[in-house]
file query.cif (mmCIF, C-alpha atoms)
data_model
loop_
_atom_site.group_PDB
_atom_site.id
_atom_site.type_symbol
_atom_site.label_atom_id
_atom_site.label_comp_id
_atom_site.auth_asym_id
_atom_site.auth_seq_id
_atom_site.Cartn_x
_atom_site.Cartn_y
_atom_site.Cartn_z
ATOM 1 C CA MET A 695 -13.669 -18.098 -26.271
ATOM 2 C CA THR A 696 -15.502 -16.140 -28.860
ATOM 3 C CA ARG A 697 -16.484 -13.050 -26.911
ATOM 4 C CA ARG A 698 -13.827 -10.554 -25.932
ATOM 5 C CA ASP A 699 -15.274 -9.971 -22.445
ATOM 6 C CA GLN A 700 -15.269 -13.627 -21.427
ATOM 7 C CA GLN A 701 -12.483 -14.496 -19.078
ATOM 8 C CA PRO A 702 -10.154 -17.395 -19.891
ATOM 9 C CA PHE A 703 -8.440 -17.214 -16.503
ATOM 10 C CA HIS A 704 -8.725 -19.031 -13.207
ATOM 11 C CA PHE A 705 -8.903 -17.151 -9.924
ATOM 12 C CA PRO A 706 -7.473 -19.288 -7.109
ATOM 13 C CA ASN A 707 -7.145 -16.235 -4.835
ATOM 14 C CA ALA A 708 -10.702 -14.977 -5.262
ATOM 15 C CA PRO A 709 -12.499 -13.953 -2.084
ATOM 16 C CA ASP A 710 -15.376 -16.114 -0.900
ATOM 17 C CA GLY A 711 -18.566 -15.445 -2.812
ATOM 18 C CA TRP A 712 -16.861 -13.800 -5.793
ATOM 19 C CA ASP A 713 -17.273 -15.110 -9.314
ATOM 20 C CA PRO A 714 -16.536 -13.784 -12.814
ATOM 21 C CA ALA A 715 -20.224 -13.094 -13.457
ATOM 22 C CA ARG A 716 -20.159 -10.565 -10.627
ATOM 23 C CA ALA A 717 -17.178 -8.819 -12.238
ATOM 24 C CA ARG A 718 -18.971 -8.702 -15.598
ATOM 25 C CA ARG A 719 -22.078 -7.219 -13.953
ATOM 26 C CA ILE A 720 -20.082 -4.531 -12.114
ATOM 27 C CA ALA A 721 -18.118 -3.765 -15.287
ATOM 28 C CA GLY A 722 -21.345 -3.278 -17.223
ATOM 29 C CA GLU A 723 -22.688 -0.963 -14.516
ATOM 30 C CA ASN A 724 -19.468 1.070 -14.853
ATOM 31 C CA GLY A 725 -19.473 1.171 -18.655
ATOM 32 C CA LEU A 726 -16.522 -1.198 -19.030
ATOM 33 C CA THR A 727 -16.061 -4.092 -21.402
ATOM 34 C CA LEU A 728 -13.720 -6.559 -19.730
ATOM 35 C CA THR A 729 -10.639 -7.448 -21.735
ATOM 36 C CA PRO A 730 -7.967 -10.031 -20.938
ATOM 37 C CA ASP A 731 -5.984 -7.259 -19.202
ATOM 38 C CA HIS A 732 -8.939 -6.474 -16.944
ATOM 39 C CA TRP A 733 -9.000 -10.144 -15.937
ATOM 40 C CA ARG A 734 -5.233 -10.016 -15.320
ATOM 41 C CA LEU A 735 -5.742 -6.936 -13.140
ATOM 42 C CA ILE A 736 -8.463 -8.735 -11.185
ATOM 43 C CA GLY A 737 -6.226 -11.769 -10.696
ATOM 44 C CA ALA A 738 -3.244 -9.638 -9.674
ATOM 45 C CA LEU A 739 -5.297 -7.729 -7.102
ATOM 46 C CA GLN A 740 -6.790 -10.910 -5.677
ATOM 47 C CA GLU A 741 -3.335 -12.444 -5.397
ATOM 48 C CA TYR A 742 -1.945 -9.340 -3.687
ATOM 49 C CA TYR A 743 -4.827 -9.255 -1.185
ATOM 50 C CA ARG A 744 -4.426 -12.962 -0.432
ATOM 51 C CA LYS A 745 -0.742 -12.458 0.411
ATOM 52 C CA ALA A 746 -0.936 -9.079 2.170
ATOM 53 C CA GLU A 747 -1.674 -8.928 5.835
ATOM 54 C CA ARG A 748 -2.973 -5.380 5.466
ATOM 55 C CA PRO A 749 -3.339 -3.969 1.949
ATOM 56 C CA VAL A 750 -1.613 -0.602 1.575
ATOM 57 C CA LEU A 751 -2.428 1.646 -1.382
ATOM 58 C CA ARG A 752 1.185 2.559 -2.195
ATOM 59 C CA GLN A 753 2.251 -1.100 -2.182
ATOM 60 C CA ILE A 754 -0.711 -2.121 -4.338
ATOM 61 C CA LYS A 755 0.153 0.569 -6.877
ATOM 62 C CA ASP A 756 3.808 -0.502 -6.878
ATOM 63 C CA ALA A 757 2.836 -4.154 -7.391
ATOM 64 C CA LEU A 758 0.511 -3.248 -10.275
ATOM 65 C CA GLU A 759 3.159 -0.991 -11.821
ATOM 66 C CA GLU A 760 5.571 -3.912 -11.808
ATOM 67 C CA HIS A 761 2.993 -6.443 -13.024
ATOM 68 C CA PHE A 762 1.904 -4.259 -15.975
ATOM 69 C CA HIS A 763 5.239 -2.544 -16.646
ATOM 70 C CA HIS A 764 5.519 -4.116 -20.109
ATOM 71 C CA LYS A 765 2.247 -2.411 -21.128
ATOM 72 C CA GLY A 766 2.969 0.987 -19.586
ATOM 73 C CA GLY A 767 2.291 0.338 -15.910
ATOM 74 C CA MET A 768 -0.183 2.514 -14.046
ATOM 75 C CA LYS A 769 -0.622 4.864 -16.995
ATOM 76 C CA TYR A 770 -1.945 1.953 -19.055
ATOM 77 C CA LEU A 771 -4.136 0.746 -16.197
ATOM 78 C CA TYR A 772 -5.780 4.171 -15.936
ATOM 79 C CA GLU A 773 -6.646 3.840 -19.624
ATOM 80 C CA ILE A 774 -8.487 0.563 -19.112
ATOM 81 C CA CYS A 775 -9.891 1.508 -15.674
ATOM 82 C CA PRO A 776 -10.674 5.221 -15.774
ATOM 83 C CA GLY A 777 -12.311 4.926 -12.348
ATOM 84 C CA GLY A 778 -8.867 4.104 -10.957
ATOM 85 C CA PRO A 779 -7.063 0.787 -11.387
ATOM 86 C CA VAL A 780 -7.005 0.156 -7.639
ATOM 87 C CA ALA A 781 -10.463 1.496 -6.766
ATOM 88 C CA GLN A 782 -12.286 0.141 -9.810
ATOM 89 C CA GLY A 783 -10.116 -2.968 -9.954
ATOM 90 C CA CYS A 784 -10.924 -3.846 -6.347
ATOM 91 C CA LEU A 785 -14.648 -3.466 -7.033
ATOM 92 C CA LEU A 786 -14.351 -5.827 -10.002
ATOM 93 C CA ALA A 787 -12.262 -8.281 -7.974
ATOM 94 C CA GLY A 788 -14.659 -8.363 -5.030
ATOM 95 C CA LEU A 789 -12.145 -6.742 -2.700
ATOM 96 C CA GLU A 790 -12.352 -3.893 -0.219
ATOM 97 C CA VAL A 791 -11.074 -0.651 -1.700
ATOM 98 C CA PRO A 792 -8.088 0.437 0.407
ATOM 99 C CA PRO A 793 -8.162 3.747 2.275
ATOM 100 C CA GLY A 794 -6.977 6.629 0.149
ATOM 101 C CA ALA A 795 -7.875 5.025 -3.185
ATOM 102 C CA VAL A 796 -10.769 7.432 -3.629
ATOM 103 C CA ASP A 797 -10.527 11.038 -2.476
ATOM 104 C CA LYS A 798 -13.801 12.761 -3.308
ATOM 105 C CA SER A 799 -12.581 16.084 -1.941
ATOM 106 C CA PHE A 800 -10.007 16.223 -4.752
ATOM 107 C CA GLY A 801 -11.999 14.149 -7.222
ATOM 108 C CA SER A 802 -9.131 11.703 -7.546
ATOM 109 C CA VAL A 803 -8.952 7.947 -7.679
ATOM 110 C CA ALA A 804 -6.097 5.492 -7.506
#

call {"tool": "encode", "arguments": {"input": "query.cif", "output": "structure tokens"}}
result
Amino acid sequence: MTRRDQQPFHFPNAPDGWDPARARRIAGENGLTLTPDHWRLIGALQEYYRKAERPVLRQIKDALEEHFHHKGGMKYLYEICPGGPVAQGCLLAGLEVPPGAVDKSFGSVA
């Protein structure tokens, strides 16, 4: 792959109707350039949602912390997804944003 934003990954847990082009479009609308770690985040979220009966914000954050621990965990993910690694990541992955991931009254995102 010659372009940095192209994804070299496969997404066996992607929700129906999702494709990488959709993620690239949403990323562009949000001012993001997708890196390999963005694609790993997308894949990790899709895998978690496929396995979870009911996605819970705290468990998603814990799973992402563990998955990206070697890079700095959630702190690193906030650097690459300033709109919140769970909230923005779910949008990129074609998943429903879990309750509590965005709290507009406090201006916070997870």

call {"tool": "resolve_selection", "arguments": {"input": "query.cif", "expression": "the PyMOL selection byres ((chain A and resi 737) around 8)", "output": "CSV table (one decimal) with C-alpha atoms, in the frame of the given file"}}
result
chain,number,residue,atom,x,y,z
A,705,PHE,CA,-8.9,-17.2,-9.9
A,707,ASN,CA,-7.1,-16.2,-4.8
A,708,ALA,CA,-10.7,-15.0,-5.3
A,733,TRP,CA,-9.0,-10.1,-15.9
A,734,ARG,CA,-5.2,-10.0,-15.3
A,735,LEU,CA,-5.7,-6.9,-13.1
A,736,ILE,CA,-8.5,-8.7,-11.2
A,738,ALA,CA,-3.2,-9.6,-9.7
A,739,LEU,CA,-5.3,-7.7,-7.1
A,740,GLN,CA,-6.8,-10.9,-5.7
A,741,GLU,CA,-3.3,-12.4,-5.4
A,787,ALA,CA,-12.3,-8.3,-8.0

call {"tool": "resolve_selection", "arguments": {"input": "query.cif", "expression": "the PyMOL selection byres ((chain A and resi 757) around 12)", "output": "list of chain:residue names"}}
result
A:Leu735, A:Ala738, A:Leu739, A:Gln740, A:Glu741, A:Tyr742, A:Tyr743, A:Lys745, A:Ala746, A:Pro749, A:Val750, A:Leu751, A:Arg752, A:Gln753, A:Ile754, A:Lys755, A:Asp756, A:Leu758, A:Glu759, A:Glu760, A:His761, A:Phe762, A:His763, A:Gly767, A:Met768, A:Pro779, A:Val780

call {"tool": "atom_distance", "arguments": {"input": "query.cif", "atom1": "atom CA of A:Glu723", "atom2": "atom CA of A:Gly777"}}
result
12.1 Å

call {"tool": "atom_distance", "arguments": {"input": "query.cif", "atom1": "atom CA of A:His704", "atom2": "atom CA of A:Arg718"}}
result
14.7 Å

call {"tool": "atom_distance", "arguments": {"input": "query.cif", "atom1": "atom CA of A:Arg748", "atom2": "atom CA of A:Pro776"}}
result
25.0 Å

call {"tool": "residues_near_point", "arguments": {"input": "query.cif", "point": "(-16.4, -3.1, -1.8)", "cutoff": "12 Å", "atoms": "all atoms listed in the file", "output": "PyMOL selection string"}}
result
chain A and resi 709+712+717+720+780-793+795
